[in-house]
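Undergrad: Below you'll find data_6.cif; it's mmCIF, C-alpha atoms and all ligand atoms.
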```cif
data_final
#
loop_
_atom_site.label_atom_id
_atom_site.label_comp_id
_atom_site.auth_asym_id
_atom_site.auth_seq_id
_atom_site.Cartn_x
_atom_site.Cartn_y
_atom_site.Cartn_z
CA MET Z 61 0.00 0.00 0.00
CA VAL Z 62 1.27 3.45 -0.92
CA GLU Z 63 1.17 5.78 2.02
CA ARG Z 64 -0.83 8.86 0.90
CA LYS Z 65 0.79 12.12 1.97
CA ASN Z 66 -0.54 15.57 1.35
CA PRO Z 67 2.16 17.12 -0.83
CA SER Z 68 1.89 20.77 -1.82
CA TRP Z 69 1.44 20.03 -5.55
CA LYS Z 70 -2.16 19.11 -4.68
CA LYS Z 71 -2.87 22.75 -3.95
CA TYR Z 72 -2.05 23.57 -7.57
CA VAL Z 73 -4.17 20.98 -9.30
CA ARG Z 74 -6.64 22.62 -11.70
CA GLN Z 75 -10.06 21.99 -10.16
CA VAL Z 76 -12.66 21.11 -12.77
CA THR Z 77 -15.97 19.31 -12.85
CA PRO Z 78 -15.72 17.32 -16.06
CA TYR Z 79 -18.34 17.10 -18.78
CA THR Z 80 -20.24 13.82 -18.54
CA PRO Z 81 -20.57 12.19 -21.95
CA GLY Z 82 -23.43 9.77 -22.69
CA GLU Z 83 -22.78 6.11 -21.88
CA GLN Z 84 -20.96 4.10 -24.52
CA SER Z 85 -21.54 0.37 -24.91
CA ASP Z 86 -20.30 -2.24 -27.35
CA ASP Z 87 -23.10 -4.65 -26.43
CA ALA Z 88 -24.62 -5.52 -29.84
CA ASP Z 89 -28.06 -6.09 -28.26
CA ILE Z 90 -28.34 -2.54 -27.03
CA ILE Z 91 -30.35 0.00 -29.00
CA LYS Z 92 -28.28 3.08 -28.55
CA LEU Z 93 -30.32 6.27 -28.80
CA ASN Z 94 -28.34 8.35 -26.30
CA THR Z 95 -25.42 10.14 -27.98
CA ASN Z 96 -26.83 11.41 -31.29
CA GLU Z 97 -24.68 9.15 -33.43
CA ASN Z 98 -25.74 8.34 -36.98
CA PRO Z 99 -27.32 4.85 -37.21
CA TYR Z 100 -25.86 4.30 -40.69
CA PRO Z 101 -22.22 3.51 -41.50
CA PRO Z 102 -19.87 6.02 -43.13
CA CYS Z 103 -19.81 6.12 -46.95
CA LYS Z 104 -18.07 3.51 -49.10
CA GLY Z 105 -15.17 5.86 -49.82
CA VAL Z 106 -14.32 5.75 -46.11
CA ARG Z 107 -14.28 1.95 -46.13
CA ASP Z 108 -12.07 1.86 -49.25
CA ALA Z 109 -9.69 4.47 -47.83
CA LEU Z 110 -9.24 2.32 -44.72
CA LYS Z 111 -8.66 -0.82 -46.78
CA ASP Z 112 -6.16 0.83 -49.11
CA PHE Z 113 -4.36 2.91 -46.49
CA ASP Z 114 -0.58 3.01 -46.95
CA TYR Z 115 0.40 1.87 -43.46
CA GLU Z 116 4.09 2.62 -44.08
CA SER Z 117 3.25 6.32 -44.21
CA LEU Z 118 2.43 6.17 -40.49
CA ARG Z 119 6.12 6.39 -39.60
CA LYS Z 120 5.95 10.06 -40.65
CA TYR Z 121 4.06 12.85 -38.87
CA PRO Z 122 0.86 13.99 -40.55
CA ASP Z 123 0.49 17.41 -42.20
CA PRO Z 124 0.08 19.87 -39.29
CA ALA Z 125 -1.84 22.25 -41.61
CA ILE Z 126 -4.31 19.43 -42.51
CA ARG Z 127 -4.33 20.84 -46.05
CA GLU Z 128 -5.96 17.99 -47.99
CA LEU Z 129 -9.00 17.93 -45.68
CA ARG Z 130 -9.24 21.71 -45.32
CA ALA Z 131 -9.21 22.03 -49.12
CA GLU Z 132 -12.08 19.52 -49.44
CA ILE Z 133 -14.13 21.30 -46.76
CA ALA Z 134 -13.39 24.69 -48.35
CA ASN Z 135 -14.58 23.38 -51.70
CA TYR Z 136 -17.80 22.02 -50.15
CA HIS Z 137 -18.63 25.37 -48.51
CA ASN Z 138 -17.39 27.48 -51.38
CA VAL Z 139 -14.82 29.32 -49.26
CA GLY Z 140 -11.03 29.50 -49.30
CA MET Z 141 -8.79 27.10 -47.39
CA GLU Z 142 -7.71 30.07 -45.26
CA ASN Z 143 -11.31 30.19 -43.98
CA VAL Z 144 -11.17 26.65 -42.56
CA PHE Z 145 -9.80 25.34 -39.25
CA VAL Z 146 -9.94 21.58 -38.55
CA GLY Z 147 -9.86 19.94 -35.10
CA VAL Z 148 -10.36 16.66 -33.26
CA GLY Z 149 -14.15 16.77 -33.32
CA SER Z 150 -16.04 20.02 -32.87
CA ASP Z 151 -15.37 19.75 -29.13
CA ASP Z 152 -11.70 20.40 -29.87
CA VAL Z 153 -12.56 23.19 -32.32
CA ILE Z 154 -14.77 24.95 -29.76
CA ALA Z 155 -12.14 24.52 -27.02
CA MET Z 156 -9.65 26.19 -29.41
CA CYS Z 157 -12.13 29.04 -30.00
CA TYR Z 158 -12.41 29.58 -26.23
CA MET Z 159 -8.64 29.57 -25.86
CA THR Z 160 -8.13 31.95 -28.75
CA PHE Z 161 -10.97 34.46 -28.35
CA PHE Z 162 -12.61 34.25 -24.92
CA ASN Z 163 -10.00 36.04 -22.86
CA SER Z 164 -11.80 39.20 -21.78
CA ALA Z 165 -12.89 40.00 -18.21
CA LYS Z 166 -16.46 40.36 -19.53
CA ALA Z 167 -18.78 37.37 -19.32
CA ILE Z 168 -19.35 35.17 -22.34
CA LEU Z 169 -23.02 34.40 -23.02
CA PHE Z 170 -24.89 31.22 -23.87
CA PRO Z 171 -28.37 29.79 -23.20
CA ASP Z 172 -29.18 28.25 -19.79
CA ILE Z 173 -30.37 25.09 -21.51
CA THR Z 174 -27.81 24.09 -24.07
CA TYR Z 175 -24.82 21.85 -24.79
CA SER Z 176 -23.47 21.16 -21.32
CA PHE Z 177 -19.83 21.47 -22.39
CA TYR Z 178 -20.04 25.27 -22.77
CA ASP Z 179 -19.84 26.00 -19.05
CA VAL Z 180 -17.26 23.24 -18.52
CA TRP Z 181 -14.85 24.96 -20.94
CA ALA Z 182 -15.57 28.34 -19.32
CA GLU Z 183 -14.65 26.87 -15.92
CA GLU Z 184 -11.60 25.12 -17.36
CA PHE Z 185 -10.23 28.27 -18.99
CA GLY Z 186 -11.32 30.58 -16.16
CA VAL Z 187 -13.66 32.60 -18.40
CA PRO Z 188 -16.56 34.41 -16.69
CA TYR Z 189 -19.93 33.41 -18.15
CA GLU Z 190 -23.64 34.17 -17.91
CA LYS Z 191 -26.43 31.86 -18.92
CA GLN Z 192 -29.32 33.53 -20.72
CA PRO Z 193 -32.61 31.78 -19.85
CA LEU Z 194 -34.68 30.26 -22.63
CA THR Z 195 -38.39 31.11 -22.68
CA ASP Z 196 -40.87 28.64 -21.15
CA ASP Z 197 -41.22 27.00 -24.55
CA PHE Z 198 -37.43 26.71 -24.80
CA ARG Z 199 -36.77 29.45 -27.35
CA ILE Z 200 -33.66 31.63 -27.36
CA VAL Z 201 -34.36 35.34 -26.82
CA GLU Z 202 -32.35 37.29 -29.39
CA SER Z 203 -32.16 40.54 -27.38
CA ASP Z 204 -30.57 38.67 -24.42
CA TYR Z 205 -27.44 38.67 -26.58
CA TYR Z 206 -27.36 42.43 -27.13
CA GLU Z 207 -25.78 43.27 -23.77
CA GLU Z 208 -22.04 43.77 -23.36
CA ASN Z 209 -20.15 40.48 -23.39
CA GLY Z 210 -16.81 38.77 -23.87
CA GLY Z 211 -18.14 36.46 -26.57
CA ILE Z 212 -21.21 34.40 -27.48
CA ILE Z 213 -21.78 30.75 -28.25
CA ILE Z 214 -25.13 29.33 -29.38
CA PRO Z 215 -25.87 26.00 -31.02
CA ASN Z 216 -28.26 25.94 -33.96
CA PRO Z 217 -30.33 23.80 -33.67
CA ASN Z 218 -30.05 24.06 -29.90
CA ALA Z 219 -29.27 20.92 -27.89
CA PRO Z 220 -30.93 19.10 -26.24
CA THR Z 221 -34.14 20.73 -27.50
CA GLY Z 222 -33.52 20.36 -31.26
CA ILE Z 223 -35.19 23.76 -31.81
CA ALA Z 224 -33.62 25.90 -34.55
CA GLU Z 225 -33.64 29.63 -35.22
CA GLY Z 226 -33.36 31.19 -38.68
CA LYS Z 227 -30.49 32.95 -40.39
CA ASP Z 228 -31.88 36.44 -39.69
CA PHE Z 229 -31.92 35.72 -35.97
CA PHE Z 230 -28.15 35.11 -36.04
CA ARG Z 231 -27.49 37.92 -38.52
CA LYS Z 232 -28.94 40.35 -35.95
CA ILE Z 233 -27.00 38.89 -33.01
CA VAL Z 234 -23.76 39.06 -34.99
CA ALA Z 235 -24.48 42.64 -36.11
CA HIS Z 236 -25.13 43.73 -32.49
CA ASN Z 237 -21.79 42.31 -31.35
CA THR Z 238 -19.14 43.63 -33.70
CA ASP Z 239 -16.76 43.94 -30.71
CA SER Z 240 -16.94 40.27 -29.76
CA ILE Z 241 -16.77 36.86 -31.38
CA VAL Z 242 -20.03 35.00 -32.01
CA ILE Z 243 -19.82 31.22 -32.42
CA VAL Z 244 -22.72 29.33 -33.98
CA ASP Z 245 -22.33 25.62 -33.25
CA GLU Z 246 -23.98 23.82 -36.17
CA ALA Z 247 -23.39 20.24 -35.00
CA TYR Z 248 -26.92 19.22 -36.07
CA VAL Z 249 -27.68 21.76 -38.80
CA ASP Z 250 -27.82 19.19 -41.63
CA PHE Z 251 -30.94 17.58 -40.16
CA GLY Z 252 -33.26 20.47 -40.94
CA ALA Z 253 -31.92 23.90 -39.95
CA GLU Z 254 -30.60 26.75 -42.06
CA SER Z 255 -26.83 27.21 -41.96
CA VAL Z 256 -25.27 30.63 -41.44
CA ASP Z 257 -22.07 29.59 -43.23
CA SER Z 258 -22.53 32.16 -46.03
CA LEU Z 259 -22.52 34.99 -43.44
CA ILE Z 260 -18.79 34.54 -42.81
CA HIS Z 261 -18.15 36.53 -46.01
CA SER Z 262 -19.81 39.65 -44.59
CA CYS Z 263 -19.32 39.14 -40.82
CA ASP Z 264 -15.72 39.09 -39.65
CA ASN Z 265 -16.71 38.29 -36.02
CA LEU Z 266 -18.67 35.09 -36.81
CA ILE Z 267 -17.38 31.53 -36.43
CA VAL Z 268 -19.47 28.62 -37.70
CA VAL Z 269 -18.56 25.26 -36.17
CA ARG Z 270 -19.41 21.94 -37.84
CA THR Z 271 -18.78 18.27 -37.18
CA LEU Z 272 -18.49 15.08 -39.21
CA SER Z 273 -19.70 13.10 -36.17
CA LYS Z 274 -23.43 13.28 -36.89
CA SER Z 275 -24.58 13.73 -40.48
CA ARG Z 276 -21.39 12.13 -41.91
CA SER Z 277 -21.37 9.13 -39.54
CA LEU Z 278 -17.79 9.70 -38.35
CA ALA Z 279 -18.15 10.16 -34.57
CA GLY Z 280 -15.53 7.44 -34.11
CA SER Z 281 -12.97 9.33 -36.16
CA ARG Z 282 -13.17 12.73 -34.44
CA ILE Z 283 -13.30 15.50 -37.04
CA GLY Z 284 -14.81 18.95 -36.61
CA TYR Z 285 -14.12 22.27 -38.26
CA ALA Z 286 -14.65 26.01 -38.07
CA LEU Z 287 -15.47 28.42 -40.90
CA ALA Z 288 -14.62 32.09 -40.42
CA ASP Z 289 -12.86 35.13 -41.75
CA GLU Z 290 -9.19 34.35 -42.45
CA GLU Z 291 -7.92 36.61 -39.67
CA LEU Z 292 -9.90 34.59 -37.11
CA ILE Z 293 -8.73 31.29 -38.58
CA LYS Z 294 -5.11 32.46 -38.49
CA ALA Z 295 -5.48 33.39 -34.80
CA MET Z 296 -6.84 29.91 -34.10
CA HIS Z 297 -3.98 28.26 -35.97
CA ASP Z 298 -1.44 30.28 -33.97
CA VAL Z 299 -2.98 28.96 -30.74
CA LYS Z 300 -3.23 25.42 -32.07
CA TYR Z 301 0.44 25.39 -33.12
CA SER Z 302 1.36 26.53 -29.62
CA PHE Z 303 -0.57 23.67 -28.07
CA ASN Z 304 -0.57 20.56 -30.28
CA SER Z 305 0.44 20.84 -33.93
CA TYR Z 306 -0.37 17.34 -35.19
CA THR Z 307 -4.02 16.99 -34.28
CA ILE Z 308 -5.38 15.04 -37.23
CA ASP Z 309 -3.59 11.76 -37.98
CA ARG Z 310 -2.96 10.47 -41.50
CA ILE Z 311 -5.79 7.92 -41.45
CA THR Z 312 -8.39 10.36 -40.12
CA MET Z 313 -7.42 12.91 -42.76
CA LYS Z 314 -8.17 10.40 -45.57
CA LEU Z 315 -11.47 9.35 -44.02
CA GLY Z 316 -12.58 12.94 -43.61
CA VAL Z 317 -11.81 13.74 -47.26
CA GLU Z 318 -13.89 10.77 -48.44
CA ALA Z 319 -16.81 11.59 -46.11
CA ILE Z 320 -17.01 15.16 -47.41
CA LYS Z 321 -16.70 14.08 -51.06
CA ASP Z 322 -19.68 11.72 -51.09
CA GLU Z 323 -22.49 14.22 -51.08
CA ALA Z 324 -25.09 11.85 -52.54
CA TYR Z 325 -24.69 9.29 -49.75
CA PHE Z 326 -24.72 12.04 -47.13
CA ARG Z 327 -27.97 13.53 -48.49
CA GLU Z 328 -29.64 10.14 -48.75
CA ASN Z 329 -28.79 9.31 -45.13
CA VAL Z 330 -29.94 12.66 -43.80
CA GLU Z 331 -33.27 12.28 -45.66
CA LYS Z 332 -33.77 8.79 -44.19
CA ILE Z 333 -33.12 10.09 -40.67
CA ILE Z 334 -35.50 13.02 -41.13
CA CYS Z 335 -38.19 10.61 -42.33
CA THR Z 336 -37.69 8.30 -39.34
CA LYS Z 337 -37.72 11.33 -37.04
CA ASN Z 338 -41.11 12.45 -38.38
CA TRP Z 339 -42.52 8.95 -37.93
CA THR Z 340 -41.20 8.77 -34.34
CA TYR Z 341 -42.50 12.27 -33.57
CA ASN Z 342 -46.05 11.26 -34.56
CA LYS Z 343 -45.89 7.99 -32.64
CA LEU Z 344 -44.71 9.75 -29.47
CA LYS Z 345 -47.49 12.30 -29.85
CA ASP Z 346 -49.98 9.43 -30.18
CA LEU Z 347 -48.63 8.07 -26.90
CA GLY Z 348 -49.38 11.39 -25.22
CA PHE Z 349 -45.81 12.73 -25.10
CA GLU Z 350 -45.15 16.44 -25.36
CA VAL Z 351 -42.61 16.61 -28.19
CA PHE Z 352 -40.79 19.59 -29.67
CA GLU Z 353 -40.48 19.99 -33.43
CA SER Z 354 -36.85 19.14 -33.97
CA SER Z 355 -34.44 20.28 -36.67
CA SER Z 356 -31.83 17.80 -35.46
CA ASN Z 357 -31.32 14.02 -35.37
CA PHE Z 358 -32.97 13.68 -31.95
CA LEU Z 359 -36.30 14.42 -30.28
CA PHE Z 360 -36.77 16.10 -26.94
CA ALA Z 361 -39.89 14.71 -25.33
CA LYS Z 362 -41.81 14.70 -22.06
CA PRO Z 363 -43.59 11.43 -21.32
CA LYS Z 364 -47.13 11.22 -19.99
CA GLY Z 365 -48.08 8.98 -17.07
CA ILE Z 366 -44.48 8.25 -16.05
CA SER Z 367 -41.57 10.45 -15.06
CA ALA Z 368 -38.69 10.90 -17.49
CA ALA Z 369 -36.32 9.45 -14.87
CA ASP Z 370 -38.42 6.29 -14.49
CA LEU Z 371 -38.93 5.84 -18.22
CA TYR Z 372 -35.18 6.22 -18.74
CA LYS Z 373 -34.57 3.45 -16.17
CA GLU Z 374 -37.27 1.16 -17.57
CA LEU Z 375 -35.88 1.56 -21.09
CA LYS Z 376 -32.35 0.89 -19.89
CA ALA Z 377 -33.51 -2.31 -18.16
CA ARG Z 378 -34.85 -3.35 -21.59
CA LYS Z 379 -31.56 -2.49 -23.28
CA ILE Z 380 -32.59 0.80 -24.85
CA LEU Z 381 -30.41 3.78 -23.99
CA VAL Z 382 -31.75 7.32 -24.24
CA ARG Z 383 -30.42 10.49 -22.57
CA PHE Z 384 -31.84 11.83 -19.33
CA PHE Z 385 -30.45 15.07 -17.89
CA ASP Z 386 -31.03 15.37 -14.16
CA LYS Z 387 -30.99 19.17 -14.31
CA PRO Z 388 -33.46 21.92 -13.43
CA ARG Z 389 -36.03 22.73 -16.15
CA ILE Z 390 -35.24 19.63 -18.26
CA ASN Z 391 -35.51 16.71 -15.83
CA GLU Z 392 -39.02 15.94 -17.09
CA TYR Z 393 -37.71 15.29 -20.62
CA LEU Z 394 -35.77 12.63 -22.47
CA ARG Z 395 -33.54 13.22 -25.47
CA ILE Z 396 -34.02 10.43 -27.97
CA THR Z 397 -31.57 10.02 -30.84
CA ILE Z 398 -33.12 8.87 -34.11
CA GLY Z 399 -31.93 5.38 -35.04
CA THR Z 400 -32.91 3.13 -37.96
CA ASP Z 401 -36.59 2.47 -38.76
CA ASP Z 402 -36.33 -0.92 -37.02
CA GLU Z 403 -34.74 0.55 -33.91
CA MET Z 404 -37.39 3.24 -33.62
CA ALA Z 405 -40.23 0.76 -34.17
CA LYS Z 406 -38.80 -1.37 -31.37
CA PHE Z 407 -38.38 1.73 -29.19
CA ILE Z 408 -42.03 2.73 -29.70
CA ASP Z 409 -43.21 -0.85 -28.96
CA VAL Z 410 -41.21 -0.97 -25.74
CA VAL Z 411 -42.41 2.49 -24.64
CA SER Z 412 -46.03 1.45 -25.32
CA ASP Z 413 -45.51 -1.69 -23.29
CA ILE Z 414 -44.00 0.24 -20.36
CA LEU Z 415 -46.84 2.79 -20.43
CA SER Z 416 -49.49 0.04 -20.48
CA LYS Z 417 -48.24 -1.46 -17.20
N1 LIG Z 501 -21.84 20.62 -30.19
C1 LIG Z 501 -22.98 20.04 -29.81
C2 LIG Z 501 -24.19 20.91 -29.66
C3 LIG Z 501 -23.03 18.67 -29.54
O1 LIG Z 501 -24.17 18.10 -29.12
C4 LIG Z 501 -21.87 17.89 -29.73
C5 LIG Z 501 -21.92 16.39 -29.50
N2 LIG Z 501 -21.76 15.98 -28.22
C6 LIG Z 501 -20.69 18.54 -30.11
C7 LIG Z 501 -20.70 19.91 -30.34
C8 LIG Z 501 -19.38 17.82 -30.23
O2 LIG Z 501 -19.38 16.85 -31.23
P1 LIG Z 501 -18.03 16.29 -31.82
O3 LIG Z 501 -16.91 16.63 -30.86
O4 LIG Z 501 -18.25 14.83 -31.95
O5 LIG Z 501 -17.84 16.97 -33.14
#
```
In structure tokens, how does this file's structure come out?
Ligand code: PMP

TA:
Amino acid sequence: MVERKNPSWKKYVRQVTPYTPGEQSDDADIIKLNTNENPYPPCKGVRDALKDFDYESLRKYPDPAIRELRAEIANYHNVGMENVFVGVGSDDVIAMCYMTFFNSAKAILFPDITYSFYDVWAEEFGVPYEKQPLTDDFRIVESDYYEENGGIIIPNPNAPTGIAEGKDFFRKIVAHNTDSIVIVDEAYVDFGAESVDSLIHSCDNLIVVRTLSKSRSLAGSRIGYALADEELIKAMHDVKYSFNSYTIDRITMKLGVEAIKDEAYFRENVEKIICTKNWTYNKLKDLGFEVFESSSNFLFAKPKGISAADLYKELKARKILVRFFDKPRINEYLRITIGTDDEMAKFIDVVSDILSK
């Protein structure tokens, strides 16, 4: 047994309460509707790139500027490569944005109900922050973001509600904040919301963050990116090169390029998921749930006749994982990721069975 002392280094440990990701499980019998992954595999180009990968190239470092992938992303969004920053999932990209831009003594702003990593990063980097309350029907109030601030981050669609706002909404917020950086986190935008990517040409304080984890089925590969004016992207690269230069490995780079290239497969998958979402929405309504119209690949729903906490537990006991947030204002809701048609049919059957008991 090691004898535990109380050395002084303990005083200097950075104290953080970590973000809690959704449970992961490799149990093939589990229906996993808890972390907003895509139920379909990545495109064929990804499979071929893995099969044909030149393993000998792994002895060399990857390109720190991630040029091949940035060029593909730039081409897809019709911007220049100097407008694209790539990171290890959008979590890494957003963390880099915080490090680069959120250094003022003024509070950064984000909604009270939103992606629960935003306050974790603020705590981690010692950035003051204020949460702007959503309305009772979970909408973001535009004018809450007109007060003085050290930066703004808002997801569109919002998570975990799935509710989206339009381009004009963000145009106004960005225009009211020319002295600070506004980040729009578009992790779920492909499933039914309007992107603000084209605004980066006219707004030099806007950063649009995207991920390949959801609509491109690459959560396991970890690729996210930011689109912004070149001066902002350069500032982010300067910080990245002072922290970790080789973020995207050679294999990941190839997979990302293939995933972006195959637009037809991407569109087909997104359409399928939207269709399944609409079917699930109606079924949940039939079962008496209160469900929000969602522009994402998940539904946010309040069950009837059972608490969200109990339904979460009952579903888990039957090997279906959904997400329950034990937090004020949202602990009566479940966030349900849209799976395949078969998975959602099974989910609805099991929910009906639980409710009938
Ligand atoms: N933003 C939002 C709103 C999310 O829900 C997620 C997924 N947890 C992310 C960013 C991060 O996704 P990733 O790091 O896989 O790109």

Undergrad: As a short mmCIF file (atom, residue, chain, number, x, y, z; two decimals) with C-alpha atoms, in the coordinates of the input, please: the residues near segment 402-417 of chain Z (cut-off 9 Å, only C-alpha atoms, same-chain neighbours under 4 positions excluded).

TA:
```cif
data_model
loop_
_atom_site.label_atom_id
_atom_site.label_comp_id
_atom_site.auth_asym_id
_atom_site.auth_seq_id
_atom_site.Cartn_x
_atom_site.Cartn_y
_atom_site.Cartn_z
CA ILE Z 91 -30.35 0.00 -29.00
CA LYS Z 92 -28.28 3.08 -28.55
CA LEU Z 93 -30.32 6.27 -28.80
CA THR Z 336 -37.69 8.30 -39.34
CA LYS Z 337 -37.72 11.33 -37.04
CA TRP Z 339 -42.52 8.95 -37.93
CA THR Z 340 -41.20 8.77 -34.34
CA LYS Z 343 -45.89 7.99 -32.64
CA LEU Z 344 -44.71 9.75 -29.47
CA LEU Z 347 -48.63 8.07 -26.90
CA LYS Z 364 -47.13 11.22 -19.99
CA GLY Z 365 -48.08 8.98 -17.07
CA ILE Z 366 -44.48 8.25 -16.05
CA LEU Z 371 -38.93 5.84 -18.22
CA GLU Z 374 -37.27 1.16 -17.57
CA LEU Z 375 -35.88 1.56 -21.09
CA ARG Z 378 -34.85 -3.35 -21.59
CA ILE Z 380 -32.59 0.80 -24.85
CA ILE Z 398 -33.12 8.87 -34.11
#
```

Undergrad: Tell me, as a ChimeraX atom specification, which residues lie within 10 Å of Asp172 of chain Z, counting only C-alpha atoms; anything in the same chain fewer than 3 positions away does not count.

TA: /Z:169,175-176,179,190-194,198,200,388-389

Undergrad: Kindly work out which residues sit at most 6 Å from ligand LIG 501 (chain Z), using all atoms listed in the file, and give the list as a VMD selection string.

TA: chain Z and resid 149 to 151 175 215 219 245 247 271 273 279 284

Undergrad: Using only C-alpha atoms, find each residue of segment 223-278 of chain Z with at least one atom at most 6 Å away from an atom of segment 286-300 of chain Z; report its shortest atom-to-atom pair and that distance in Å (one decimal), sort the rows by chain and rising residue number, and return the result as a tab-separated table.

TA:
```
residue	atom	partner	partner_atom	distance
Z:Ile260	CA	Z:Ala288	CA	5.4
Z:Asp264	CA	Z:Asp289	CA	5.3
Z:Ile267	CA	Z:Ala288	CA	4.9
Z:Val268	CA	Z:Leu287	CA	5.1
Z:Val269	CA	Z:Ala286	CA	4.4
```

Undergrad: Which value, in Å to one decimal, gives the distance between atom CA of Ala109 of chain Z and atom CA of Gly140 of chain Z?

TA: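 Computing the Euclidean distance for atom CA of Ala109 of chain Z and atom CA of Gly140 of chain Z yields 25.1 Å.
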
Undergrad: Just the residues within 10 Å of Phe177 of chain Z, please, counting all atoms listed in the file, with nothing from its chain fewer than 3 positions along; format it as a list in words.

TA: Pro78, Tyr79, Thr80, Pro81, Asp151, Ile154, Ala155, Thr174, Val180, Trp181, Ala182 and Glu183 of chain Z

Undergrad: I need the residue nearest Arg383 of chain Z from this list: Z:Asp250, Z:Pro220, Z:Ala131, Z:Asp114. Use only C-alpha atoms for the distance.

TA: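 Closest to Arg383 of chain Z, using only C-alpha atoms: Z:Pro220.
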
Undergrad: For a quick check of understanding, using all atoms listed in the file, which of Z:Glu392, Z:Glu323, Z:Glu350, Z:Asp401 has the smallest distance to Asp370 of chain Z?

TA: Z:Glu392

Undergrad: Identify which of the residues Z:Leu359, Z:Val234, Z:Ile390, Z:Cys335 lies closest to Thr95 of chain Z, counting all atoms listed in the file when measuring atom-to-atom distances.

TA: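 Answer, going by the shortest atom-to-atom distance: Z:Leu359.
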
Undergrad: Applying 7 Å and all atoms listed in the file, which residues near Gly211 of chain Z remain after dropping the ones on its own chain fewer than 3 positions away? List them as a PyMOL selection string.

TA: chain Z and resi 162+168-169+240-242

Undergrad: From the list Z:Ala324, Z:Ala165, Z:Val317, Z:Gly147, which residue is nearest Ala134 of chain Z when using only C-alpha atoms?

TA: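 Of Z:Ala324, Z:Ala165, Z:Val317, Z:Gly147, the one nearest Ala134 of chain Z, counting only C-alpha atoms, is Z:Val317.
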
Undergrad: May I ask which of the residues Z:Ser68, Z:Ser305, Z:Thr312, Z:Asn96 is the closest one to Leu118 of chain Z, counting only C-alpha atoms?

TA: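 Using only C-alpha atoms, Leu118 of chain Z sits closest to Z:Thr312.
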
Undergrad: Return the single residue from Z:Tyr121, Z:Tyr393, Z:Tyr178, Z:Tyr248 that is closest to Asn357 of chain Z, with distances computed using only C-alpha atoms.

TA: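 Of Z:Tyr121, Z:Tyr393, Z:Tyr178, Z:Tyr248, the one nearest Asn357 of chain Z is Z:Tyr248, counting only C-alpha atoms.
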
Undergrad: Give me, as a PyMOL selection string, all polymer residues having an atom no more than 7 Å from Ala167 of chain Z, counting only C-alpha atoms and skipping those fewer than 6 positions away in the same chain.

TA: chain Z and resi 188-190+209-210

Undergrad: At a cut-off of 12 Å from (-4.8, 14.8, -34.4) in the coordinates of the file, what residues are picked up using all atoms listed in the file, written as a PyMOL selection string?

TA: chain Z and resi 121-126+146-149+152-153+281-284+300-301+303-313

Undergrad: Would you save segment 223-235 of chain Z to a file, keeping N, CA and C atoms, as an mmCIF file, in the first residue's frame?

TA:
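Final output, decode.cif:
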```cif
data_model
loop_
_atom_site.group_PDB
_atom_site.id
_atom_site.type_symbol
_atom_site.label_atom_id
_atom_site.label_comp_id
_atom_site.auth_asym_id
_atom_site.auth_seq_id
_atom_site.Cartn_x
_atom_site.Cartn_y
_atom_site.Cartn_z
ATOM 1 N N ILE Z 223 -34.487 22.606 -31.219
ATOM 2 C CA ILE Z 223 -35.192 23.756 -31.808
ATOM 3 C C ILE Z 223 -34.186 24.671 -32.520
ATOM 4 N N ALA Z 224 -34.527 25.055 -33.764
ATOM 5 C CA ALA Z 224 -33.617 25.898 -34.554
ATOM 6 C C ALA Z 224 -34.166 27.314 -34.686
ATOM 7 N N GLU Z 225 -33.273 28.257 -34.871
ATOM 8 C CA GLU Z 225 -33.644 29.627 -35.218
ATOM 9 C C GLU Z 225 -33.148 29.872 -36.642
ATOM 10 N N GLY Z 226 -33.719 30.925 -37.280
ATOM 11 C CA GLY Z 226 -33.359 31.188 -38.684
ATOM 12 C C GLY Z 226 -32.114 32.042 -38.833
ATOM 13 N N LYS Z 227 -31.710 32.222 -40.080
ATOM 14 C CA LYS Z 227 -30.489 32.954 -40.390
ATOM 15 C C LYS Z 227 -30.550 34.414 -39.924
ATOM 16 N N ASP Z 228 -31.740 35.033 -40.067
ATOM 17 C CA ASP Z 228 -31.882 36.443 -39.690
ATOM 18 C C ASP Z 228 -31.653 36.668 -38.202
ATOM 19 N N PHE Z 229 -32.103 35.696 -37.425
ATOM 20 C CA PHE Z 229 -31.923 35.722 -35.973
ATOM 21 C C PHE Z 229 -30.427 35.873 -35.653
ATOM 22 N N PHE Z 230 -29.603 35.072 -36.310
ATOM 23 C CA PHE Z 230 -28.153 35.113 -36.039
ATOM 24 C C PHE Z 230 -27.500 36.331 -36.692
ATOM 25 N N ARG Z 231 -28.030 36.719 -37.862
ATOM 26 C CA ARG Z 231 -27.489 37.923 -38.523
ATOM 27 C C ARG Z 231 -27.585 39.112 -37.559
ATOM 28 N N LYS Z 232 -28.734 39.211 -36.861
ATOM 29 C CA LYS Z 232 -28.941 40.345 -35.950
ATOM 30 C C LYS Z 232 -28.006 40.251 -34.739
ATOM 31 N N ILE Z 233 -27.884 39.059 -34.176
ATOM 32 C CA ILE Z 233 -26.996 38.893 -33.009
ATOM 33 C C ILE Z 233 -25.557 39.247 -33.393
ATOM 34 N N VAL Z 234 -25.133 38.784 -34.544
ATOM 35 C CA VAL Z 234 -23.762 39.055 -34.989
ATOM 36 C C VAL Z 234 -23.572 40.560 -35.215
ATOM 37 N N ALA Z 235 -24.575 41.201 -35.827
ATOM 38 C CA ALA Z 235 -24.483 42.640 -36.114
ATOM 39 C C ALA Z 235 -24.458 43.480 -34.827
#
```
